[in-house]
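Peer 1: Before I ask anything, let me first share the structure, which is written out below as structure tokens.
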Amino acid sequence: MDRIAVLVVDDEESVRTFLSELLGSSGYQVRCASSGSQALEMLSGGSFDAVLLDVVMPEMSGLEVLRRYRSTGGSAPVIVLSALSGADDAVRAMKMGASDYLAKPFGNDELQDVLARALGTRVPERQATAPAPRVVLTPAEAAAEARVLISTSPAMRRARALVERIADTDVPVLLLGESGTGKEVIAREIHARSQRHGRPFIKVNCAALPGELLESELFGHERGAFTGATAEKPGKFELADQGTIFLDEIGEMAIRLQAKLLQVLQDEEFFRVGGKKSVRVDSRVVVATNRDLEKEIALGNFREDLYYRLNVVAIRLPPLRERREDVVPLTDHFLKKYGKGFMTNVSELPSEVLHAFSDYEWPGNVRELENMVRRLCVLKDPTLVLDEIRAGGRAPASAPSLPTSFGGGDEFSPPPSRYVDESARVFAAPPSAHATASGAGVQVLEMPARGVVMTPPPVMTDATPFNAVAPQRYANPFDAPQPPPPPPPAGELSLKDIGKRAAMLAEREAILAMLQRTAWNKRRAAGKLRISYKALLYKIKECGIIDPRASAEF
């Protein structure tokens, strides 16, 4: 049996390398193209069983590649790779003949599932030669196979006890807590301890897809339901039949879909997109959110009846800063998990690192701690991690030192006292005799608070008037005004065009506010906005936003 050939088309080398290694290890034959023109050349000269196509690429977009490929008679399944902000592009791609889509970032299981659907019954040789038999576990064995839940704090012990009490029931569960607190771990623990443990556990991120695609993803669609629907597709609820479906970020779901979800919870049946027959399912529903749903109800963003239907059992997970006794046990666990691949003969971290971990606030919670330990295992240099923790994430390396509010904090606070007092602050003037005598000889430059213009102390000479005012030299570059948004197209606008422009203006304000909070650290802003870095760059360009550092003068 010939190996299944997959073409990966993406302009980012890291993505191509990752997908090539991942699919190669699964038994696929992988070739890569770094541009749309190269992809079309390879498609015309070779035979591929499937294509993974990125939508946003320079020179020639993925949509144009798809259009040209289909216009020449290309029939291989094309799976579109789209970011959150590329939702409209993903919808257009499906209408142009794409077989399926994947929202970035995605995991190995999601990629394998999408390829399996696109290829039908065909599977790589490596997977076909050793089919995994279904193993029926006892409840005790299922609990042992559950995701590791490490905690000694009273709050987490109460959460674990509640999980044990409700696991064998089929009531919906609402998981509340900040991002990174372990809501998915708890959801998997509930599934593993339940009588459904031998059945599928299906996770869906409601924030990763727009309403049109999320409806098809959850409930499936019939053949011919829309342009590009060349075959019927079962939804996640059908795949989770007799098992558990985990809806993450439920607070991001559109109101229209919330009504359909409510119907599923009440009647245990639904209609596929374009379907005429109802589909009955028996799935346990576990949902999670980092939003305050009661506030969302007051704002009209979440249905009150759905909230009460989901809020049968609510488990609130505390942030890591409220259970500091868990920091060291979690650190030991992650060290064992990642140390095997990167570090040898290391069973514990230096006490200085552990003390720093215990004192840190962990705004990213357990996920941030896990990434920090992984970074430590890779770099093998505790000083780099300690420097990052001591900086507190308030002054990114790519931006000048700013007050806390510009470094990502939610509220403004004055610069830490570890710099200098107001009376002792030294600007860009020659070192004073006091500094030279004390051996310091160090000049400290500090950015002002937003809206404040700093001036260096005047150098007094005999010719300087007593009441002379020094010129303004140090203005905060982030105060530079932004150009107006792109103008609307000429002529009368349709309702759809008006809606698109209103959405663009709202996105522009949200992106500008987040960039200000993160001192224009775009990667950090993308993470807080829950979109990919590449998608944020695209939105910045689309909304006509200018980085003030590009023209700042100091």
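Scheme for the structure tokens: letters A, B, ... for chains in order shown; per-chain residue numbers from 1; ligand numbers from 1 in order shown.
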Neighbours of Pro172 (chain A) within 12 Å (only C-alpha atoms; same-chain residues fewer than 3 positions away dropped), as a ChimeraX atom specification?
Peer 2: /A:166-169,175,187,190-191,244-247,262,264-266,283-288,306-315
Peer 1: From the options A:Leu7, A:Val373, A:Ala155, A:Ala76, which residue's atoms come nearest to Leu119 (chain A), counting only C-alpha atoms?
Peer 2: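 Ranked by minimum distance to Leu119 (chain A), first place goes to A:Ala76.
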Peer 1: As a list in words, please: the residues near Met253 (chain A) (cut-off 9 Å, only C-alpha atoms, same-chain neighbours under 5 positions excluded).
Peer 2: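 My reading of the contact set: Cys206, Ala207, Pro210, Gly211, Leu214, Gln258, Asn301 and Phe302 of chain A.
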Peer 1: Write out as number ranges by chain all residues of region 22-68 of chain A that DSSP puts in helix (DSSP H, G or I) for this structure's backbone.
Peer 2: A: 22-25, 36-45, 62-68
Peer 1: Residues at most 9 Å from Ala33 (chain A), counting only C-alpha atoms, excluding those fewer than 6 positions away in the same chain, as a list in words?
Peer 2: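 The filter keeps Leu7, Val8, Val9, Asp10, Asp11, Arg16, Ala39 and Met42 of chain A.
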Peer 1: Can you write just those residues out, N, CA and C atoms, as a tab-separated table (two decimals), in the first residue's frame?
Peer 2:
chain	number	residue	atom	x	y	z
A	7	LEU	N	0.21	17.49	0.94
A	7	LEU	CA	0.93	18.72	0.64
A	7	LEU	C	0.58	19.77	1.69
A	8	VAL	N	1.60	20.30	2.35
A	8	VAL	CA	1.42	21.35	3.36
A	8	VAL	C	1.82	22.68	2.73
A	9	VAL	N	0.89	23.64	2.71
A	9	VAL	CA	1.15	24.96	2.11
A	9	VAL	C	1.02	26.01	3.21
A	10	ASP	N	2.15	26.61	3.58
A	10	ASP	CA	2.16	27.65	4.61
A	10	ASP	C	3.43	28.47	4.44
A	11	ASP	N	3.31	29.80	4.60
A	11	ASP	CA	4.47	30.66	4.41
A	11	ASP	C	5.38	30.69	5.63
A	16	ARG	N	5.43	24.70	8.75
A	16	ARG	CA	5.72	23.62	7.81
A	16	ARG	C	6.54	22.52	8.47
A	39	ALA	N	2.91	26.02	-4.56
A	39	ALA	CA	1.92	24.98	-4.31
A	39	ALA	C	1.21	24.59	-5.60
A	42	MET	N	3.46	22.47	-7.71
A	42	MET	CA	3.59	21.10	-7.21
A	42	MET	C	2.30	20.31	-7.43
Peer 1: Identify which of the residues A:Leu111, A:Glu215, A:Ala240, A:Val163 lies closest to Gly198 (chain A), counting only C-alpha atoms when measuring atom-to-atom distances.
Peer 2: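 Under the stated criterion, the closest residue is A:Ala240.
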